[in-house]
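Raw work02.cif, mmCIF, C-alpha atoms and all ligand atoms:
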```cif
data_protein
#
loop_
_atom_site.label_atom_id
_atom_site.label_comp_id
_atom_site.auth_asym_id
_atom_site.auth_seq_id
_atom_site.Cartn_x
_atom_site.Cartn_y
_atom_site.Cartn_z
CA MET A 1 92.28 122.31 30.15
CA TYR A 2 95.72 123.02 31.59
CA ASP A 3 96.61 126.49 32.87
CA LEU A 4 99.92 126.55 31.00
CA VAL A 5 102.17 124.34 28.89
CA ILE A 6 105.93 124.83 28.68
CA GLN A 7 106.94 123.51 25.28
CA GLY A 8 110.22 122.29 23.88
CA ALA A 9 112.64 122.37 26.83
CA ARG A 10 115.10 119.73 27.96
CA VAL A 11 113.64 118.71 31.32
CA MET A 12 115.90 117.78 34.23
CA THR A 13 113.69 115.32 36.10
CA ASP A 14 116.71 113.95 37.95
CA MET A 15 120.37 114.81 38.20
CA ALA A 16 121.56 111.50 36.73
CA THR A 17 121.29 112.48 33.08
CA ALA A 18 123.86 114.54 31.18
CA LEU A 19 121.55 115.59 28.35
CA PRO A 20 117.92 115.10 29.36
CA ALA A 21 115.19 114.57 26.79
CA LEU A 22 112.92 117.23 25.34
CA GLN A 23 109.56 117.21 27.06
CA ASP A 24 106.55 119.44 27.43
CA ILE A 25 105.39 120.34 30.94
CA ALA A 26 101.69 120.93 31.65
CA LEU A 27 100.78 122.97 34.72
CA GLN A 28 97.48 122.99 36.55
CA ASP A 29 96.52 124.72 39.83
CA GLY A 30 100.13 125.57 40.64
CA ARG A 31 101.39 122.01 40.18
CA ILE A 32 102.98 119.95 37.44
CA ALA A 33 100.09 117.98 35.96
CA ALA A 34 101.83 116.15 33.11
CA LEU A 35 105.21 115.57 31.49
CA ALA A 36 105.24 114.15 27.96
CA PRO A 37 107.23 114.40 24.71
CA GLN A 38 104.41 116.46 23.22
CA ILE A 39 101.46 118.19 24.86
CA SER A 40 99.22 120.06 22.44
CA ALA A 41 99.00 123.82 22.82
CA GLY A 42 95.26 123.40 22.33
CA LEU A 43 95.03 121.75 25.75
CA ALA A 44 96.24 124.86 27.60
CA ARG A 45 95.10 128.42 28.20
CA GLN A 46 98.69 129.70 27.90
CA VAL A 47 101.85 128.43 26.20
CA LEU A 48 105.44 129.28 27.15
CA ALA A 49 107.81 128.50 24.27
CA ALA A 50 111.05 127.11 25.68
CA ASP A 51 112.86 125.76 22.62
CA GLY A 52 116.58 125.57 23.30
CA LEU A 53 116.10 126.05 27.04
CA THR A 54 116.63 123.63 29.93
CA ALA A 55 113.98 123.26 32.64
CA LEU A 56 115.36 122.80 36.13
CA PRO A 57 113.62 122.82 39.47
CA GLY A 58 113.73 126.17 41.26
CA ALA A 59 116.55 126.13 43.81
CA VAL A 60 115.94 126.31 47.58
CA ASN A 61 117.95 128.74 49.70
CA ALA A 62 117.89 127.27 53.21
CA HIS A 63 119.46 130.25 55.03
CA ALA A 64 119.20 133.89 54.01
CA HIS A 65 118.80 137.41 55.30
CA LEU A 66 117.31 138.90 52.13
CA ALA A 67 117.06 142.50 53.33
CA MET A 68 120.81 142.55 54.04
CA SER A 69 121.19 143.19 50.31
CA LEU A 70 121.12 146.85 51.48
CA PHE A 71 124.42 146.23 53.32
CA ARG A 72 126.19 144.62 50.36
CA GLY A 73 129.84 145.63 50.27
CA VAL A 74 129.90 147.69 53.48
CA ALA A 75 131.70 145.22 55.77
CA GLU A 76 134.52 143.64 53.79
CA ASP A 77 137.69 141.94 55.01
CA LEU A 78 136.65 141.85 58.68
CA PRO A 79 136.77 139.07 61.27
CA ILE A 80 133.35 138.03 62.55
CA GLU A 81 133.39 139.96 65.86
CA ARG A 82 134.30 143.25 64.12
CA TRP A 83 131.90 142.45 61.26
CA PHE A 84 129.03 142.22 63.80
CA ASN A 85 130.02 144.70 66.53
CA GLN A 86 131.62 147.48 64.53
CA VAL A 87 129.58 147.42 61.33
CA ILE A 88 126.50 145.24 60.95
CA TRP A 89 124.75 145.51 64.32
CA PRO A 90 125.23 149.30 64.60
CA LEU A 91 123.99 149.77 61.01
CA GLU A 92 120.98 147.51 61.53
CA THR A 93 119.67 149.83 64.24
CA ASN A 94 119.03 152.34 61.41
CA LEU A 95 116.68 150.00 59.56
CA THR A 96 113.05 150.97 59.19
CA GLU A 97 110.29 148.62 58.20
CA GLU A 98 110.24 150.23 54.76
CA ASP A 99 114.00 149.70 54.32
CA VAL A 100 113.53 146.02 55.08
CA TYR A 101 110.72 145.81 52.53
CA TRP A 102 112.86 147.25 49.72
CA GLY A 103 115.97 145.34 50.80
CA ALA A 104 114.02 142.08 50.89
CA LEU A 105 112.43 142.83 47.51
CA LEU A 106 115.93 143.39 46.09
CA GLY A 107 116.91 140.03 47.61
CA CYS A 108 113.83 138.37 46.05
CA LEU A 109 114.68 139.93 42.68
CA GLU A 110 118.25 138.67 42.77
CA SER A 111 117.09 135.23 43.95
CA LEU A 112 114.59 134.82 41.12
CA ARG A 113 117.15 136.02 38.60
CA SER A 114 119.48 133.27 39.89
CA GLY A 115 116.85 130.53 39.56
CA VAL A 116 116.02 130.41 43.28
CA THR A 117 112.29 129.97 43.94
CA THR A 118 112.20 129.28 47.70
CA VAL A 119 114.03 131.17 50.43
CA ALA A 120 114.25 130.43 54.17
CA ASP A 121 114.73 133.93 55.54
CA HIS A 122 115.70 134.99 59.07
CA TYR A 123 115.27 138.69 59.88
CA PHE A 124 113.72 141.57 61.81
CA PHE A 125 110.55 143.31 60.57
CA ALA A 126 109.28 139.96 59.27
CA ASP A 127 106.02 141.61 58.17
CA ALA A 128 108.00 143.74 55.73
CA VAL A 129 109.86 140.65 54.45
CA ALA A 130 106.51 138.88 54.02
CA ALA A 131 105.15 141.85 52.05
CA ALA A 132 108.17 141.74 49.71
CA VAL A 133 107.83 137.97 49.27
CA GLU A 134 104.15 138.34 48.53
CA ARG A 135 104.82 141.06 45.96
CA SER A 136 107.68 139.26 44.20
CA GLY A 137 105.92 135.92 43.72
CA ILE A 138 108.73 133.90 45.34
CA ARG A 139 108.06 131.11 47.89
CA ALA A 140 109.45 131.59 51.41
CA LEU A 141 109.81 130.20 54.89
CA LEU A 142 110.08 133.26 57.15
CA ALA A 143 111.53 133.27 60.66
CA PRO A 144 111.26 136.49 62.70
CA THR A 145 114.65 137.00 64.41
CA LEU A 146 114.61 136.82 68.22
CA PHE A 147 117.27 138.02 70.70
CA SER A 148 117.32 137.81 74.49
CA GLY A 149 116.93 141.08 76.37
CA PRO A 150 114.27 143.18 78.05
CA GLN A 151 112.14 143.02 74.88
CA GLU A 152 112.25 139.22 74.53
CA ALA A 153 108.74 138.38 75.78
CA ALA A 154 107.17 141.07 73.61
CA ASP A 155 109.20 139.91 70.60
CA LEU A 156 108.12 136.30 71.08
CA ALA A 157 104.48 137.39 71.41
CA ARG A 158 104.82 139.35 68.16
CA ALA A 159 106.49 136.39 66.43
CA ARG A 160 103.63 134.12 67.54
CA GLN A 161 101.18 136.57 66.07
CA PHE A 162 103.21 136.69 62.85
CA VAL A 163 103.06 132.90 62.56
CA ALA A 164 99.33 132.90 63.22
CA GLN A 165 98.74 135.51 60.51
CA ARG A 166 101.33 134.59 57.91
CA ASP A 167 101.84 130.82 58.00
CA GLY A 168 100.06 129.53 54.88
CA SER A 169 99.41 133.03 53.47
CA ALA A 170 99.92 134.26 49.88
CA GLY A 171 98.12 131.18 48.58
CA GLY A 172 100.36 128.94 50.67
CA ARG A 173 103.60 130.44 49.31
CA ILE A 174 104.53 131.88 52.71
CA ARG A 175 105.17 129.65 55.69
CA SER A 176 106.57 130.76 59.00
CA TRP A 177 108.83 129.30 61.65
CA LEU A 178 110.46 130.94 64.69
CA GLY A 179 113.99 132.39 64.49
CA PRO A 180 115.94 132.53 67.77
CA HIS A 181 119.22 134.11 66.63
CA ALA A 182 121.85 131.87 68.30
CA PRO A 183 122.83 130.40 71.69
CA TYR A 184 125.26 133.33 72.16
CA THR A 185 122.46 135.91 71.80
CA CYS A 186 119.59 133.95 73.42
CA THR A 187 119.61 132.55 76.97
CA PRO A 188 118.75 128.85 77.47
CA GLU A 189 115.54 129.97 79.22
CA TYR A 190 114.55 131.97 76.16
CA LEU A 191 115.46 129.10 73.80
CA ARG A 192 113.19 126.84 75.91
CA ALA A 193 110.34 129.35 75.67
CA VAL A 194 110.78 129.62 71.89
CA ALA A 195 110.89 125.82 71.52
CA ALA A 196 107.66 125.52 73.56
CA ALA A 197 105.98 128.15 71.36
CA ALA A 198 107.10 126.32 68.20
CA ARG A 199 105.68 123.04 69.50
CA GLU A 200 102.41 124.71 70.38
CA LEU A 201 102.15 126.47 67.01
CA ASN A 202 103.26 123.30 65.19
CA VAL A 203 106.04 125.10 63.30
CA GLY A 204 109.80 124.67 63.06
CA ILE A 205 112.83 126.66 64.17
CA HIS A 206 115.59 128.37 62.19
CA ILE A 207 118.74 129.24 64.20
CA HIS A 208 122.47 129.90 63.82
CA LEU A 209 124.53 127.17 65.54
CA SER A 210 128.27 126.54 66.02
CA GLU A 211 129.44 129.06 63.45
CA THR A 212 132.96 129.32 64.89
CA ALA A 213 135.27 127.17 66.99
CA GLU A 214 135.39 130.02 69.52
CA GLN A 215 131.59 129.98 69.92
CA VAL A 216 131.73 126.27 70.73
CA ARG A 217 134.51 126.80 73.28
CA ALA A 218 132.65 129.69 74.96
CA CYS A 219 129.37 127.74 75.09
CA ARG A 220 131.10 124.75 76.70
CA THR A 221 132.71 127.06 79.29
CA GLN A 222 129.42 128.82 80.08
CA TYR A 223 126.96 125.92 79.96
CA GLY A 224 129.08 122.76 79.89
CA LEU A 225 127.53 121.87 76.53
CA SER A 226 128.25 122.47 72.84
CA PRO A 227 125.79 124.81 71.08
CA VAL A 228 124.25 121.79 69.33
CA ALA A 229 123.84 119.85 72.61
CA LEU A 230 122.44 122.96 74.32
CA ALA A 231 119.93 123.48 71.49
CA ALA A 232 118.85 119.84 71.77
CA GLN A 233 118.53 120.11 75.55
CA CYS A 234 116.39 123.25 75.22
CA GLY A 235 113.98 121.31 72.96
CA LEU A 236 114.76 123.15 69.72
CA PHE A 237 115.23 119.89 67.84
CA ASP A 238 111.86 118.51 68.94
CA VAL A 239 110.40 120.39 65.97
CA PRO A 240 111.82 120.58 62.43
CA THR A 241 114.92 122.77 62.64
CA ILE A 242 117.36 124.43 60.26
CA ALA A 243 120.77 124.91 61.89
CA ALA A 244 122.68 127.51 59.88
CA HIS A 245 126.45 127.05 59.46
CA ALA A 246 127.04 124.31 62.10
CA ALA A 247 130.64 124.12 60.95
CA HIS A 248 132.18 123.05 64.26
CA THR A 249 130.68 119.84 65.61
CA ASP A 250 131.94 116.66 67.22
CA ALA A 251 130.65 113.11 66.80
CA ALA A 252 128.08 113.56 69.60
CA ASP A 253 126.74 116.74 67.95
CA ARG A 254 126.44 114.98 64.61
CA GLN A 255 124.56 112.13 66.21
CA LEU A 256 122.11 114.58 67.78
CA LEU A 257 121.55 116.39 64.47
CA ALA A 258 121.01 113.11 62.59
CA GLN A 259 118.80 111.55 65.26
CA HIS A 260 116.45 114.57 65.36
CA GLY A 261 116.39 115.09 61.59
CA THR A 262 117.81 118.59 62.06
CA ALA A 263 118.95 120.04 58.74
CA VAL A 264 122.20 121.94 58.44
CA ALA A 265 122.35 124.93 56.07
CA VAL A 266 125.91 125.50 54.92
CA THR A 267 126.74 128.95 53.49
CA PRO A 268 130.21 128.41 52.05
CA GLN A 269 131.01 131.88 50.73
CA THR A 270 130.23 133.56 54.07
CA GLU A 271 132.14 130.91 55.98
CA MET A 272 135.19 131.21 53.75
CA LYS A 273 135.11 135.00 53.62
CA LEU A 274 134.79 135.44 57.39
CA ALA A 275 137.34 132.63 57.77
CA ILE A 276 135.18 130.80 60.32
CA GLY A 277 135.29 127.33 58.73
CA VAL A 278 132.96 125.31 56.49
CA ALA A 279 131.11 122.17 57.62
CA PRO A 280 132.62 118.95 56.18
CA VAL A 281 129.58 118.22 54.04
CA ILE A 282 130.24 114.63 53.01
CA ASP A 283 131.08 113.65 56.60
CA TYR A 284 127.75 115.11 57.72
CA GLN A 285 125.93 113.25 54.96
CA ALA A 286 127.68 110.02 56.00
CA ALA A 287 126.44 110.65 59.55
CA GLY A 288 122.88 110.84 58.19
CA ILE A 289 122.44 114.62 58.38
CA THR A 290 120.48 116.53 55.71
CA VAL A 291 122.83 119.20 54.38
CA ALA A 292 121.28 122.05 52.43
CA LEU A 293 122.77 125.27 51.12
CA GLY A 294 122.19 128.87 52.10
CA SER A 295 123.37 132.21 50.84
CA ASP A 296 123.40 133.95 54.24
CA GLY A 297 123.07 137.74 53.89
CA ALA A 298 124.58 139.84 51.12
CA ALA A 299 126.67 141.70 53.73
CA SER A 300 128.84 138.59 54.00
CA ASN A 301 128.23 136.50 50.85
CA ASN A 302 127.66 138.94 48.78
CA HIS A 303 124.97 137.38 46.55
CA TYR A 304 121.95 135.06 46.57
CA ASP A 305 123.00 132.65 43.79
CA LEU A 306 122.70 129.10 45.14
CA THR A 307 124.40 127.52 42.13
CA ALA A 308 127.56 129.34 43.18
CA ALA A 309 127.20 127.87 46.69
CA ALA A 310 126.89 124.35 45.25
CA ARG A 311 129.99 124.99 43.13
CA LEU A 312 131.99 126.09 46.17
CA ILE A 313 130.97 123.00 48.16
CA ALA A 314 131.85 120.64 45.31
CA LEU A 315 135.26 122.31 44.93
CA LEU A 316 135.93 122.53 48.67
CA GLU A 317 135.07 118.89 49.27
CA LYS A 318 137.20 117.70 46.35
CA HIS A 319 140.04 119.86 47.67
CA ARG A 320 139.60 118.81 51.32
CA THR A 321 139.51 115.10 50.51
CA ALA A 322 142.20 115.42 47.82
CA SER A 323 139.99 113.39 45.49
CA ALA A 324 138.37 114.42 42.22
CA LEU A 325 135.86 111.60 42.78
CA THR A 326 134.35 113.35 45.79
CA MET A 327 131.01 115.16 45.31
CA PRO A 328 130.28 114.25 41.67
CA LEU A 329 127.78 116.34 39.68
CA ALA A 330 124.67 114.39 40.67
CA GLU A 331 125.54 114.63 44.37
CA ALA A 332 126.50 118.30 44.34
CA LEU A 333 123.24 119.11 42.57
CA GLN A 334 121.14 117.43 45.26
CA LEU A 335 122.21 120.18 47.67
CA PRO A 336 120.36 123.21 46.27
CA TYR A 337 117.33 121.19 45.17
CA GLN A 338 116.19 118.06 46.98
CA ALA A 339 118.21 118.62 50.17
CA GLY A 340 116.99 122.23 50.29
CA ALA A 341 113.40 121.03 49.90
CA ALA A 342 113.88 118.57 52.78
CA ALA A 343 115.40 121.30 54.99
CA VAL A 344 112.36 123.56 54.59
CA GLY A 345 109.95 120.65 55.13
CA LEU A 346 108.79 120.37 51.50
CA ALA A 347 110.56 117.19 50.34
CA GLY A 348 109.02 115.89 47.12
CA GLN A 349 106.95 119.06 46.69
CA ILE A 350 109.68 121.46 45.52
CA GLY A 351 113.26 121.04 44.30
CA ILE A 352 112.15 118.53 41.68
CA VAL A 353 110.45 118.57 38.29
CA ALA A 354 107.91 115.75 38.65
CA VAL A 355 104.20 115.23 38.18
CA GLY A 356 102.46 116.34 41.39
CA ALA A 357 105.26 118.65 42.54
CA ALA A 358 104.78 122.40 42.77
CA ALA A 359 105.36 124.15 39.43
CA ASP A 360 108.49 125.96 40.67
CA ILE A 361 110.68 125.86 37.56
CA ALA A 362 113.71 127.78 36.29
CA LEU A 363 114.33 127.78 32.53
CA TYR A 364 118.03 128.20 31.75
CA ASP A 365 119.61 129.21 28.48
CA PHE A 366 122.77 127.13 28.16
CA ASN A 367 123.51 128.34 24.61
CA GLY A 368 126.16 130.90 25.62
CA PRO A 369 129.85 130.45 24.73
CA GLN A 370 130.71 129.53 28.34
CA HIS A 371 128.66 126.33 27.88
CA ALA A 372 129.57 125.45 24.29
CA PRO A 373 129.65 122.78 23.14
CA LEU A 374 126.97 121.54 25.53
CA SER A 375 127.82 117.97 26.55
CA ASP A 376 126.40 117.85 30.07
CA VAL A 377 123.84 120.34 31.38
CA ARG A 378 124.75 119.38 34.97
CA ALA A 379 128.34 120.48 34.40
CA ALA A 380 127.09 123.66 32.74
CA LEU A 381 124.87 124.41 35.72
CA LEU A 382 127.44 123.58 38.40
CA TYR A 383 130.66 124.86 36.87
CA SER A 384 129.93 127.48 34.21
CA ALA A 385 126.43 128.89 34.80
CA GLN A 386 125.82 132.55 35.59
CA PRO A 387 122.61 134.07 36.94
CA THR A 388 122.24 135.74 33.52
CA ASP A 389 121.67 132.26 32.04
CA VAL A 390 118.28 132.17 33.78
CA ARG A 391 115.63 133.16 31.22
CA HIS A 392 112.21 132.46 32.78
CA VAL A 393 111.12 131.44 36.29
CA LEU A 394 107.79 130.09 37.49
CA VAL A 395 106.64 129.75 41.09
CA GLY A 396 103.45 127.81 41.77
CA GLY A 397 102.75 127.85 38.03
CA ARG A 398 102.93 131.64 37.73
CA ILE A 399 105.56 133.26 35.49
CA VAL A 400 107.40 135.56 37.93
CA LEU A 401 110.47 136.19 35.75
CA ARG A 402 110.23 136.51 31.97
CA ASP A 403 113.27 137.11 29.78
CA GLY A 404 115.29 137.81 32.92
CA LEU A 405 112.95 140.49 34.26
CA PRO A 406 110.41 140.29 37.10
CA THR A 407 106.79 140.31 35.96
CA LEU A 408 105.14 141.45 39.21
CA PHE A 409 107.17 144.54 40.11
CA ASP A 410 109.48 147.11 38.59
CA GLN A 411 113.17 146.18 38.79
CA ALA A 412 114.33 149.78 38.18
CA GLN A 413 112.29 151.04 41.14
CA VAL A 414 113.81 148.41 43.45
CA LEU A 415 117.36 149.36 42.40
CA ARG A 416 116.56 153.06 42.85
CA GLU A 417 115.09 152.54 46.34
CA ALA A 418 118.09 150.42 47.39
CA ALA A 419 120.55 153.08 46.23
CA VAL A 420 118.72 155.91 48.02
CA ARG A 421 118.38 153.96 51.26
CA SER A 422 121.93 152.63 51.39
CA SER A 423 123.62 156.01 51.93
CA ARG A 424 121.37 156.82 54.91
CA LEU A 425 121.83 153.32 56.34
CA GLN A 426 125.61 153.60 56.23
CA GLN A 427 125.68 156.26 58.96
CA PRO A 428 126.48 154.37 62.19
CA GLY A 429 123.43 154.00 64.44
CA SER A 430 123.03 155.00 68.05
CA GLY A 431 123.27 151.47 69.46
CA ARG A 432 123.65 147.81 68.48
CA MET A 433 121.11 145.12 67.70
CA ALA A 434 123.09 142.83 70.04
CA ALA A 435 126.68 142.30 71.14
CA TYR A 436 128.90 139.59 69.68
CA PRO A 437 130.69 138.05 72.68
CA GLY A 438 134.37 138.86 73.25
CA ASN A 439 134.26 142.55 72.28
ZN ZN B 501 122.88 134.01 59.01
#
```

Show me, as structure tokens, the structure contained in the file I just sent.
Amino acid sequence: MYDLVIQGARVMTDMATALPALQDIALQDGRIAALAPQISAGLARQVLAADGLTALPGAVNAHAHLAMSLFRGVAEDLPIERWFNQVIWPLETNLTEEDVYWGALLGCLESLRSGVTTVADHYFFADAVAAAVERSGIRALLAPTLFSGPQEAADLARARQFVAQRDGSAGGRIRSWLGPHAPYTCTPEYLRAVAAAARELNVGIHIHLSETAEQVRACRTQYGLSPVALAAQCGLFDVPTIAAHAAHTDAADRQLLAQHGTAVAVTPQTEMKLAIGVAPVIDYQAAGITVALGSDGAASNNHYDLTAAARLIALLEKHRTASALTMPLAEALQLPYQAGAAAVGLAGQIGIVAVGAAADIALYDFNGPQHAPLSDVRAALLYSAQPTDVRHVLVGGRIVLRDGLPTLFDQAQVLREAAVRSSRLQQPGSGRMAAYPGN
């Protein structure tokens, strides 16, 4: 007896097919147990009718700060040093654990409504993020954010405890890595200590690297190494690592990233909006680097829709190379799915609809006028889809979004809490979380 059968959807088992066949999907113990043209309703405890819908894998967001949804729209049209020093880091000192819970839950809500089922998050108050993830039903890889300073040893001890308690929790939906913020906010000694802790705990590392050309220049002046080379020297790449942004690298950096299997998470809307530069994705892929996509936080992006990120990369790469042949549909659609899965260490288990994979599935309704007439669901997804096209979402076989609404919590309450908290949070705080160099 299966737990659930999804009946009647077109099923995207790969990205090579324009109009995939109708199949039924049987789920058992959180995984996809069978795919067949017809699976009898009598074989399952529950049936989800999906006639007219398209089943896609849930997307994987490889770099996010979910709780920053509370800061959406408060720091617009600013260069990165003013964005950090004048707005974001002063405001973040106002955050309470409860704010982070509601902000992260809002981020989870928006993610699920956009068809995202796994998020690699990097933030403070990681326990509150974990509580929101647990509540929402989404899958996550959580990295408590670490800065150098007088509190660094205590923070690392707390992060180790977080990993010990949370890695593998929520029925395996939550995993945890360590999150040193960046080489410009963490000393090399601290990065070494974090790398040693990650090795000992057998977890990975999620860090911001080489976001701007200026950061690379400053790092070379201070340490004689690029941020990527410094990270490698400090041992960060000896464990699985997600390097967020990594837009400014040379051939030696790319070789280091490829050689260590370090994944790069590109967040194109943040990088374009802050005008800091976007990694040349196809050049990285040619160098053998896994390139996944992230949203970054809603204070810079301003949303958690990964399909939009894939669209931007496809357009940017076509534009940059002056060739319409660059980044065709099937390649662009690897980024939010299979490449994302590889970045978070779950290749073959998520980001794909296949027997044996986790039952993380987004059912899209491509019947709207923006998709008509439907000739290629990949083109619909990449170039005309909206989050409102997402009808139902399952994570680990559980229906967490039905008819566009979350099943495990109250959307109206989350929106209310976010609105109430945002006005208090917008009063500048008494200090800064950290200082962005140069100001
Ligand atoms: Zn970030």

_Taking (124.2, 130.2, 69.0) in the coordinates of the supplied file, I want to know which residues reach to within 10 Å of it, counting only C-alpha atoms; could you give the answer as a PyMOL selection string?_
chain A and resi 180-187+207-212+215-216+219+226-228+230-231+243-244+246

*Atom pair CA of Ile313 (chain A) / CA of Ala341 (chain A): separation (Å)*: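 Value for the CA of Ile313 (chain A)-CA of Ala341 (chain A) distance: 17.8 Å.
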
*At most 8 Å from ligand ZN 501 (chain B) (all atoms listed in the file): residue list as a list of chain:residue names*: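 Every residue with an atom at most 8 Å from ligand ZN 501 (chain B) is listed here: A:His63, A:Ala64, A:His65, A:His122, A:His208, A:Ala244, A:His245, A:Asp296, A:Gly297.
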
*Counting all atoms listed in the file, what is within 6 Å of Ala299 (chain A), bar same-chain residues fewer than 4 positions away, as a PyMOL selection string?*
chain A and resi 68+71-72

*Tell me which of A:Leu70, A:Ala265, A:Ala342, A:Cys108 sits closest to Asn94 (chain A), counting only C-alpha atoms.*
A:Leu70

*Which distance in Å separates CA of Met433 (chain A) and CA of Ala153 (chain A), to one decimal?*
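So the two atoms, CA of Met433 (chain A) and CA of Ala153 (chain A), lie 16.2 Å apart.
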
*asked:* Can you tell me which residues surround region 131-141 of chain A at a distance of at most 9 Å, considering all atoms listed in the file, apart from same-chain residues fewer than 3 positions away, and format the answer as a VMD selection string?
replied: chain A and resid 62 100 to 106 108 to 109 111 to 112 116 to 122 126 to 128 167 169 to 170 172 to 177 344 360 394 to 396 398 to 400 406 to 409

Just-selected residues, C-alpha atoms written as a PDB file, keeping the file's coordinate frame:
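Final output, selection_3.pdb:
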```
ATOM      1  CA  ALA A  62     117.890 127.270  53.210  1.00  0.00           C
ATOM      2  CA  VAL A 100     113.530 146.020  55.080  1.00  0.00           C
ATOM      3  CA  TYR A 101     110.720 145.810  52.530  1.00  0.00           C
ATOM      4  CA  TRP A 102     112.860 147.250  49.720  1.00  0.00           C
ATOM      5  CA  GLY A 103     115.970 145.340  50.800  1.00  0.00           C
ATOM      6  CA  ALA A 104     114.020 142.080  50.890  1.00  0.00           C
ATOM      7  CA  LEU A 105     112.430 142.830  47.510  1.00  0.00           C
ATOM      8  CA  LEU A 106     115.930 143.390  46.090  1.00  0.00           C
ATOM      9  CA  CYS A 108     113.830 138.370  46.050  1.00  0.00           C
ATOM     10  CA  LEU A 109     114.680 139.930  42.680  1.00  0.00           C
ATOM     11  CA  SER A 111     117.090 135.230  43.950  1.00  0.00           C
ATOM     12  CA  LEU A 112     114.590 134.820  41.120  1.00  0.00           C
ATOM     13  CA  VAL A 116     116.020 130.410  43.280  1.00  0.00           C
ATOM     14  CA  THR A 117     112.290 129.970  43.940  1.00  0.00           C
ATOM     15  CA  THR A 118     112.200 129.280  47.700  1.00  0.00           C
ATOM     16  CA  VAL A 119     114.030 131.170  50.430  1.00  0.00           C
ATOM     17  CA  ALA A 120     114.250 130.430  54.170  1.00  0.00           C
ATOM     18  CA  ASP A 121     114.730 133.930  55.540  1.00  0.00           C
ATOM     19  CA  HIS A 122     115.700 134.990  59.070  1.00  0.00           C
ATOM     20  CA  ALA A 126     109.280 139.960  59.270  1.00  0.00           C
ATOM     21  CA  ASP A 127     106.020 141.610  58.170  1.00  0.00           C
ATOM     22  CA  ALA A 128     108.000 143.740  55.730  1.00  0.00           C
ATOM     23  CA  ASP A 167     101.840 130.820  58.000  1.00  0.00           C
ATOM     24  CA  SER A 169      99.410 133.030  53.470  1.00  0.00           C
ATOM     25  CA  ALA A 170      99.920 134.260  49.880  1.00  0.00           C
ATOM     26  CA  GLY A 172     100.360 128.940  50.670  1.00  0.00           C
ATOM     27  CA  ARG A 173     103.600 130.440  49.310  1.00  0.00           C
ATOM     28  CA  ILE A 174     104.530 131.880  52.710  1.00  0.00           C
ATOM     29  CA  ARG A 175     105.170 129.650  55.690  1.00  0.00           C
ATOM     30  CA  SER A 176     106.570 130.760  59.000  1.00  0.00           C
ATOM     31  CA  TRP A 177     108.830 129.300  61.650  1.00  0.00           C
ATOM     32  CA  VAL A 344     112.360 123.560  54.590  1.00  0.00           C
ATOM     33  CA  ASP A 360     108.490 125.960  40.670  1.00  0.00           C
ATOM     34  CA  LEU A 394     107.790 130.090  37.490  1.00  0.00           C
ATOM     35  CA  VAL A 395     106.640 129.750  41.090  1.00  0.00           C
ATOM     36  CA  GLY A 396     103.450 127.810  41.770  1.00  0.00           C
ATOM     37  CA  ARG A 398     102.930 131.640  37.730  1.00  0.00           C
ATOM     38  CA  ILE A 399     105.560 133.260  35.490  1.00  0.00           C
ATOM     39  CA  VAL A 400     107.400 135.560  37.930  1.00  0.00           C
ATOM     40  CA  PRO A 406     110.410 140.290  37.100  1.00  0.00           C
ATOM     41  CA  THR A 407     106.790 140.310  35.960  1.00  0.00           C
ATOM     42  CA  LEU A 408     105.140 141.450  39.210  1.00  0.00           C
ATOM     43  CA  PHE A 409     107.170 144.540  40.110  1.00  0.00           C
TER      44      PHE A 409
END
```

_For Ala44 (chain A): contacts at 10 Å, all atoms listed in the file, fewer than 5 positions along chain excluded, given as a ChimeraX atom specification_ = /A:1-6,26-28,39

*Quote the spacing between CA of Arg402 (chain A) and CA of Pro57 (chain A) in Å to one decimal place.*
16.0 Å

_A:Ile282, A:Ala298, A:Asp77, A:Asp389 ranked by distance to Thr326 (chain A), top pick (using all atoms listed in the file)_ =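 Closest to Thr326 (chain A) of all the choices is A:Ile282.
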
*Can you tell me, as a ChimeraX atom specification, what residues are no more than 9 Å from region 252-260 of chain A when counting only C-alpha atoms, ignoring any on the same chain fewer than 2 positions away?*
/A:226-229,232,237-241,243,249-250,262-264,284,287-290

_Could you check the closest approach to Cys234 (chain A) for each of A:Gly261, A:Pro437, A:Pro336, A:Pro188 and tell me which residue wins, using all atoms listed in the file?_
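So, comparing all the options, the nearest one is A:Pro188.
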